[in-house]
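So this one's entry_19.tsv, TSV, C-alpha atoms and all ligand atoms:
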```tsv
chain	number	residue	atom	x	y	z
A	148	MET	CA	0.00	0.00	0.00
A	149	ARG	CA	1.28	3.41	-0.91
A	150	ASN	CA	0.73	5.73	2.04
A	151	LEU	CA	-0.11	5.45	5.72
A	152	ILE	CA	-3.12	7.63	6.48
A	153	LEU	CA	-4.46	8.65	9.89
A	154	VAL	CA	-8.10	9.61	10.40
A	155	GLY	CA	-10.06	10.41	13.55
A	156	PRO	CA	-11.59	13.24	15.56
A	157	MET	CA	-9.99	16.40	16.93
A	158	GLY	CA	-7.60	15.49	19.72
A	159	ALA	CA	-7.24	11.84	18.70
A	160	GLY	CA	-3.57	12.55	18.08
A	161	LYS	CA	-3.32	12.33	14.28
A	162	SER	CA	-0.67	15.06	14.06
A	163	THR	CA	1.28	13.80	17.09
A	164	ILE	CA	1.19	10.09	16.19
A	165	GLY	CA	1.71	10.81	12.49
A	166	ARG	CA	4.94	12.68	13.15
A	167	LEU	CA	6.27	9.86	15.36
A	168	LEU	CA	5.26	7.15	12.86
A	169	ALA	CA	6.97	8.99	10.01
A	170	LYS	CA	10.16	9.24	12.04
A	171	GLU	CA	10.04	5.55	12.92
A	172	LEU	CA	9.39	4.52	9.29
A	173	ARG	CA	11.80	7.13	7.88
A	174	LEU	CA	9.07	8.51	5.64
A	175	PRO	CA	8.02	12.11	4.98
A	176	PHE	CA	5.17	13.39	7.14
A	177	LYS	CA	2.35	15.51	5.72
A	178	ASP	CA	-0.44	17.07	7.76
A	179	SER	CA	-3.38	18.13	5.60
A	180	ASP	CA	-4.34	21.01	7.95
A	181	LYS	CA	-0.75	22.31	7.98
A	182	GLU	CA	-0.41	21.98	4.20
A	183	ILE	CA	-3.60	24.02	3.71
A	184	GLU	CA	-2.20	26.71	6.02
A	185	LEU	CA	1.14	26.75	4.18
A	186	ARG	CA	-0.55	26.90	0.77
A	187	THR	CA	-2.96	29.70	1.69
A	188	GLY	CA	-0.67	31.62	4.04
A	189	ALA	CA	-3.56	31.79	6.52
A	190	ASN	CA	-4.46	29.77	9.58
A	191	ILE	CA	-7.55	27.56	9.76
A	192	PRO	CA	-9.64	29.85	12.00
A	193	TRP	CA	-8.99	32.72	9.56
A	194	ILE	CA	-10.10	30.57	6.60
A	195	PHE	CA	-13.30	29.61	8.47
A	196	ASP	CA	-13.93	33.30	9.27
A	197	LYS	CA	-13.39	34.58	5.73
A	198	GLU	CA	-14.68	31.71	3.58
A	199	GLY	CA	-16.95	29.80	5.93
A	200	GLU	CA	-16.71	26.07	6.61
A	201	LEU	CA	-17.64	25.38	2.97
A	202	GLY	CA	-14.60	27.32	1.74
A	203	PHE	CA	-12.36	25.36	4.08
A	204	ARG	CA	-13.90	22.03	3.01
A	205	ASP	CA	-13.26	22.82	-0.66
A	206	ARG	CA	-9.63	23.59	0.09
A	207	GLU	CA	-9.43	20.42	2.19
A	208	GLN	CA	-10.87	18.26	-0.60
A	209	ALA	CA	-8.30	19.58	-3.08
A	210	MET	CA	-5.48	18.98	-0.57
A	211	ILE	CA	-6.65	15.44	0.27
A	212	ALA	CA	-6.77	14.58	-3.44
A	213	GLU	CA	-3.26	15.94	-3.92
A	214	LEU	CA	-1.74	14.26	-0.86
A	215	CYS	CA	-3.40	10.89	-1.59
A	216	GLY	CA	-1.59	10.99	-4.91
A	217	CYS	CA	1.76	10.86	-3.05
A	218	ASP	CA	3.73	7.66	-2.68
A	219	GLY	CA	5.24	6.62	0.63
A	220	VAL	CA	4.16	9.38	3.01
A	221	VAL	CA	2.54	9.35	6.42
A	222	LEU	CA	-0.53	11.55	6.16
A	223	ALA	CA	-2.50	13.12	9.03
A	224	THR	CA	-5.95	14.29	7.91
A	225	GLY	CA	-8.26	16.91	9.38
A	226	GLY	CA	-10.95	15.56	11.70
A	227	GLY	CA	-13.75	16.35	9.25
A	228	ALA	CA	-12.14	15.07	6.06
A	229	VAL	CA	-14.28	11.91	6.10
A	230	MET	CA	-17.48	13.94	5.75
A	231	ARG	CA	-17.20	14.08	1.97
A	232	ASP	CA	-17.67	10.92	-0.13
A	233	GLU	CA	-14.95	12.05	-2.55
A	234	ASN	CA	-12.45	12.30	0.33
A	235	ARG	CA	-13.35	8.86	1.71
A	236	ARG	CA	-12.83	7.34	-1.73
A	237	ALA	CA	-9.48	9.11	-2.16
A	238	LEU	CA	-8.29	8.14	1.35
A	239	HIS	CA	-9.24	4.48	0.95
A	240	ALA	CA	-7.50	4.32	-2.41
A	241	GLY	CA	-4.49	6.27	-1.13
A	242	GLY	CA	-3.11	3.66	1.25
A	243	ARG	CA	-3.61	1.95	4.59
A	244	VAL	CA	-6.06	3.89	6.74
A	245	VAL	CA	-5.73	3.94	10.54
A	246	TYR	CA	-8.61	5.28	12.65
A	247	LEU	CA	-7.24	6.77	15.86
A	248	HIS	CA	-10.08	6.45	18.33
A	249	ALA	CA	-10.42	8.65	21.41
A	250	SER	CA	-13.33	8.98	23.83
A	251	VAL	CA	-15.09	12.34	23.98
A	252	GLU	CA	-13.70	12.84	27.50
A	253	GLN	CA	-10.12	12.46	26.25
A	254	GLN	CA	-10.81	14.68	23.23
A	255	VAL	CA	-12.14	17.41	25.52
A	256	GLY	CA	-9.03	17.29	27.71
A	257	ARG	CA	-6.62	17.25	24.78
A	258	THR	CA	-8.24	20.17	22.92
A	259	ALA	CA	-9.11	22.39	25.90
A	260	ARG	CA	-6.08	24.70	25.76
A	261	ASP	CA	-5.86	25.05	21.98
A	262	ARG	CA	-7.84	27.88	20.29
A	263	ASN	CA	-6.98	26.74	16.78
A	264	ARG	CA	-10.11	24.64	16.22
A	265	PRO	CA	-12.97	26.87	15.01
A	266	LEU	CA	-15.64	24.17	15.37
A	267	LEU	CA	-14.97	24.04	19.13
A	268	ARG	CA	-15.71	27.71	19.72
A	269	THR	CA	-19.12	26.79	21.08
A	270	ALA	CA	-20.79	27.19	24.47
A	271	ASP	CA	-20.42	23.46	25.10
A	272	PRO	CA	-17.38	21.95	23.32
A	273	ALA	CA	-17.99	18.54	24.94
A	274	LYS	CA	-21.46	18.37	23.37
A	275	THR	CA	-20.04	19.50	20.02
A	276	LEU	CA	-17.39	16.77	20.13
A	277	ARG	CA	-20.01	14.17	21.13
A	278	ASP	CA	-22.34	15.19	18.27
A	279	LEU	CA	-19.47	15.19	15.76
A	280	LEU	CA	-18.28	11.74	16.87
A	281	THR	CA	-21.81	10.29	16.59
A	282	LEU	CA	-21.95	11.53	13.00
A	283	ARG	CA	-18.41	10.67	11.99
A	284	ASP	CA	-17.50	7.47	13.86
A	285	PRO	CA	-19.22	5.24	11.23
A	286	LEU	CA	-17.43	7.15	8.45
A	287	TYR	CA	-13.99	6.68	10.05
A	288	ARG	CA	-14.76	2.96	10.47
A	289	GLU	CA	-16.04	2.65	6.90
A	290	ILE	CA	-12.58	3.37	5.45
A	291	ALA	CA	-10.32	2.10	8.24
A	292	ASP	CA	-7.99	-0.89	7.86
A	293	LEU	CA	-7.21	-0.60	11.58
A	294	VAL	CA	-9.01	0.97	14.53
A	295	VAL	CA	-6.55	1.92	17.28
A	296	GLU	CA	-7.49	3.00	20.81
A	297	THR	CA	-5.61	6.05	22.10
A	298	ASP	CA	-7.32	6.52	25.50
A	299	GLU	CA	-4.96	6.11	28.47
A	300	ARG	CA	-2.05	5.22	26.17
A	301	PRO	CA	0.93	7.51	25.57
A	302	PRO	CA	1.73	8.34	21.92
A	303	ARG	CA	4.75	6.00	21.82
A	304	MET	CA	2.62	3.04	22.82
A	305	VAL	CA	0.04	3.90	20.17
A	306	VAL	CA	2.82	4.04	17.56
A	307	LEU	CA	4.19	0.62	18.53
A	308	ASP	CA	0.70	-0.89	18.41
A	309	ILE	CA	0.11	0.52	14.91
A	310	LEU	CA	3.46	-0.73	13.59
A	311	GLU	CA	2.89	-4.20	14.98
A	312	ARG	CA	-0.67	-4.50	13.70
A	313	LEU	CA	0.20	-3.13	10.24
A	314	GLN	CA	2.56	-6.06	9.73
A	315	ARG	CA	-0.24	-8.53	10.38
A	316	LEU	CA	-2.77	-6.96	7.98
A	317	PRO	CA	-3.69	-9.16	5.03
A	318	PRO	CA	-3.22	-7.62	1.58
A	319	ARG	CA	-6.33	-5.80	0.33
B	401	LIG	N1	-2.14	9.25	23.15
B	401	LIG	C1	-2.13	10.49	23.68
B	401	LIG	N2	-2.14	10.63	25.03
B	401	LIG	C2	-2.14	11.86	25.58
B	401	LIG	N3	-2.12	13.03	24.88
B	401	LIG	C3	-2.10	12.94	23.56
B	401	LIG	C4	-2.12	11.68	22.88
B	401	LIG	N4	-2.11	11.91	21.54
B	401	LIG	C5	-2.10	13.26	21.40
B	401	LIG	N5	-2.09	13.88	22.60
B	401	LIG	C6	-2.09	15.34	22.85
B	401	LIG	O1	-3.38	15.81	22.45
B	401	LIG	C7	-3.29	17.08	21.80
B	401	LIG	C8	-3.95	16.99	20.43
B	401	LIG	O2	-3.21	16.10	19.60
B	401	LIG	P1	-3.12	16.31	18.03
B	401	LIG	O3	-2.98	17.76	17.69
B	401	LIG	O4	-2.06	15.37	17.55
B	401	LIG	O5	-4.56	15.83	17.56
B	401	LIG	P2	-5.20	15.79	16.11
B	401	LIG	O6	-5.87	14.48	16.00
B	401	LIG	O7	-4.15	16.11	15.09
B	401	LIG	O8	-6.30	16.97	16.15
B	401	LIG	P3	-6.92	17.86	14.92
B	401	LIG	O9	-7.92	17.01	14.19
B	401	LIG	O10	-7.61	18.99	15.60
B	401	LIG	O11	-5.78	18.30	14.04
B	401	LIG	C9	-1.80	17.43	21.75
B	401	LIG	O12	-1.52	18.31	22.82
B	401	LIG	C10	-1.10	16.09	21.97
B	401	LIG	O13	0.13	16.24	22.63
B	402	LIG	O1	-13.06	18.09	12.95
B	402	LIG	C1	-13.04	19.00	12.10
B	402	LIG	O2	-14.00	19.23	11.36
B	402	LIG	C2	-11.81	19.81	11.97
B	402	LIG	C3	-10.63	19.30	12.49
B	402	LIG	C4	-9.32	19.96	12.31
B	402	LIG	O3	-8.35	18.96	12.04
B	402	LIG	C5	-9.35	20.99	11.18
B	402	LIG	O4	-9.36	20.36	9.92
B	402	LIG	C6	-10.55	21.89	11.30
B	402	LIG	O5	-10.44	22.59	12.51
B	402	LIG	C7	-11.88	21.10	11.26
B	403	MG	MG	-3.96	17.62	13.64
```
Please re-express this file's structure in structure tokens.
Ligand SMILES: Nc1ncnc2c1ncn2[C@@H]1O[C@H](COP(=O)(O)OP(=O)(O)OP(=O)(O)O)[C@@H](O)[C@H]1O
Ligand SMILES: O=C(O)C1=C[C@@H](O)[C@@H](O)[C@H](O)C1
Ligand SMILES: [Mg+2]
Amino acid sequence: MRNLILVGPMGAGKSTIGRLLAKELRLPFKDSDKEIELRTGANIPWIFDKEGELGFRDREQAMIAELCGCDGVVLATGGGAVMRDENRRALHAGGRVVYLHASVEQQVGRTARDRNRPLLRTADPAKTLRDLLTLRDPLYREIADLVVETDERPPRMVVLDILERLQRLPPR
């Protein structure tokens, strides 16, 4: 399989785990959110403010299509990338897909201090994360080759689990 692709909700650890996996596998690491920011010269909250979520999603779809065309990269996706059918098709075709699962409680704790997630600027971020996970959990699972638990496990342990389980996956 060409690439190693991480999907999952905000705070699951896609960026953190992706960077560690890439180092371990000696592969380049690409983070879709970061690549969008580099390409536009603006941060994600600014894009949401100026272009709305739809504008961001269009940029995200173009970036996912481009990055899934790479060969041999570790790719961290944005938490909402699975919402579009076109993205799910591209991600599934682009390589092995790992769903990093985190409970809502862990997501809340891990995202609490970071103001860079426009969808969490709500009166009740825990409810927002719960509603998003209800909607998206089946979509993450639909395209995942592996579902990996991240609750109560430090990033290094998650990385070792992924590497070990990847070796045992049957060819698609
Ligand atoms: N397994 C873990 N245990 C404890 N903390 C973690 C774990 N994985 C990530 N974190 C911490 O949680 C925070 C969010 O992680 P990260 O930014 O990697 O999530 P993400 O899935 O990329 O989120 P987003 O979809 O918003 O980009 C970071 O501060 C990171 O250090
Ligand atoms: O869950 C989401 O919809 C998002 C997650 C982040 O990775 C960013 O892509 C953006 O903040 C939207
Ligand atoms: Mg991230």
**Fill in**
Among A:Ala270, A:Ala223, A:Ile290, A:Cys217, ligand LIG 401 (chain B) is approached most closely, using all atoms listed in the file, by A:Ala223
Near segment 149-154 of chain A, 12 Å: segment 178-228 of chain A residue rows, closest pairs, all atoms listed in the file, as a tab-separated table:
```
residue	atom	partner	partner_atom	distance
A:Asp178	CA	A:Leu153	CA	9.6
A:Ser179	CA	A:Leu153	CA	10.5
A:Ile211	CA	A:Ile152	CA	10.6
A:Leu214	CA	A:Asn150	CA	9.3
A:Cys215	CA	A:Asn150	CA	7.5
A:Gly216	CA	A:Asn150	CA	9.0
A:Cys217	CA	A:Asn150	CA	7.3
A:Asp218	CA	A:Arg149	CA	5.2
A:Gly219	CA	A:Asn150	CA	4.8
A:Val220	CA	A:Asn150	CA	5.1
A:Val221	CA	A:Leu151	CA	4.8
A:Leu222	CA	A:Ile152	CA	4.7
A:Ala223	CA	A:Leu153	CA	5.0
A:Thr224	CA	A:Val154	CA	5.7
A:Gly225	CA	A:Val154	CA	7.4
A:Gly226	CA	A:Val154	CA	6.7
A:Gly227	CA	A:Val154	CA	8.9
A:Ala228	CA	A:Val154	CA	8.1
```
Could you list, as a CSV table (one decimal) with C-alpha atoms, in the frame of the given file, all residues that come within 10 Å of ligand LIG 402 (chain B)? Count all atoms listed in the file.
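For reference, pocket.csv as written:
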```
chain,number,residue,atom,x,y,z
A,154,VAL,CA,-8.1,9.6,10.4
A,155,GLY,CA,-10.1,10.4,13.6
A,156,PRO,CA,-11.6,13.2,15.6
A,157,MET,CA,-10.0,16.4,16.9
A,158,GLY,CA,-7.6,15.5,19.7
A,159,ALA,CA,-7.2,11.8,18.7
A,161,LYS,CA,-3.3,12.3,14.3
A,162,SER,CA,-0.7,15.1,14.1
A,178,ASP,CA,-0.4,17.1,7.8
A,179,SER,CA,-3.4,18.1,5.6
A,180,ASP,CA,-4.3,21.0,8.0
A,181,LYS,CA,-0.8,22.3,8.0
A,183,ILE,CA,-3.6,24.0,3.7
A,190,ASN,CA,-4.5,29.8,9.6
A,191,ILE,CA,-7.6,27.6,9.8
A,192,PRO,CA,-9.6,29.8,12.0
A,194,ILE,CA,-10.1,30.6,6.6
A,195,PHE,CA,-13.3,29.6,8.5
A,200,GLU,CA,-16.7,26.1,6.6
A,203,PHE,CA,-12.4,25.4,4.1
A,204,ARG,CA,-13.9,22.0,3.0
A,207,GLU,CA,-9.4,20.4,2.2
A,223,ALA,CA,-2.5,13.1,9.0
A,224,THR,CA,-6.0,14.3,7.9
A,225,GLY,CA,-8.3,16.9,9.4
A,226,GLY,CA,-11.0,15.6,11.7
A,227,GLY,CA,-13.8,16.4,9.2
A,228,ALA,CA,-12.1,15.1,6.1
A,229,VAL,CA,-14.3,11.9,6.1
A,230,MET,CA,-17.5,13.9,5.8
A,262,ARG,CA,-7.8,27.9,20.3
A,263,ASN,CA,-7.0,26.7,16.8
A,264,ARG,CA,-10.1,24.6,16.2
A,265,PRO,CA,-13.0,26.9,15.0
A,266,LEU,CA,-15.6,24.2,15.4
A,267,LEU,CA,-15.0,24.0,19.1
A,276,LEU,CA,-17.4,16.8,20.1
A,279,LEU,CA,-19.5,15.2,15.8
A,280,LEU,CA,-18.3,11.7,16.9
A,283,ARG,CA,-18.4,10.7,12.0
```
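One distance worth recording is that between atom CA of Leu247 of chain A and atom CA of Gly160 of chain A, which is 7.2 Å.
Minimum atom-to-atom distances from A:Glu184, A:Asp284, A:Asp308, A:Asp278 to ligand MG 403 (chain B) were compared using all atoms listed in the file, and the lowest value belongs to A:Glu184.
Closest to ligand MG 403 (chain B) among A:Thr275, A:Thr281, A:Thr258, A:Gln208 is A:Thr258, based on only C-alpha atoms and all ligand atoms.
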**Asked** Could you work out how far atom CA of Gly242 of chain A lies from atom CA of Ala291 of chain A, giving the answer in Å with one decimal?
**Response** 10.2 Å
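With all atoms listed in the file as the atoms that count, the residue of A:Leu316, A:Glu296, A:Glu252, A:Arg206 with the shortest distance to Thr187 of chain A is A:Arg206.
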**Message:** Can you measure atom CA of Glu299 of chain A to atom O3 of ligand LIG 401 (chain B) for me? One decimal in Å is fine.
**Reply:** 16.0 Å
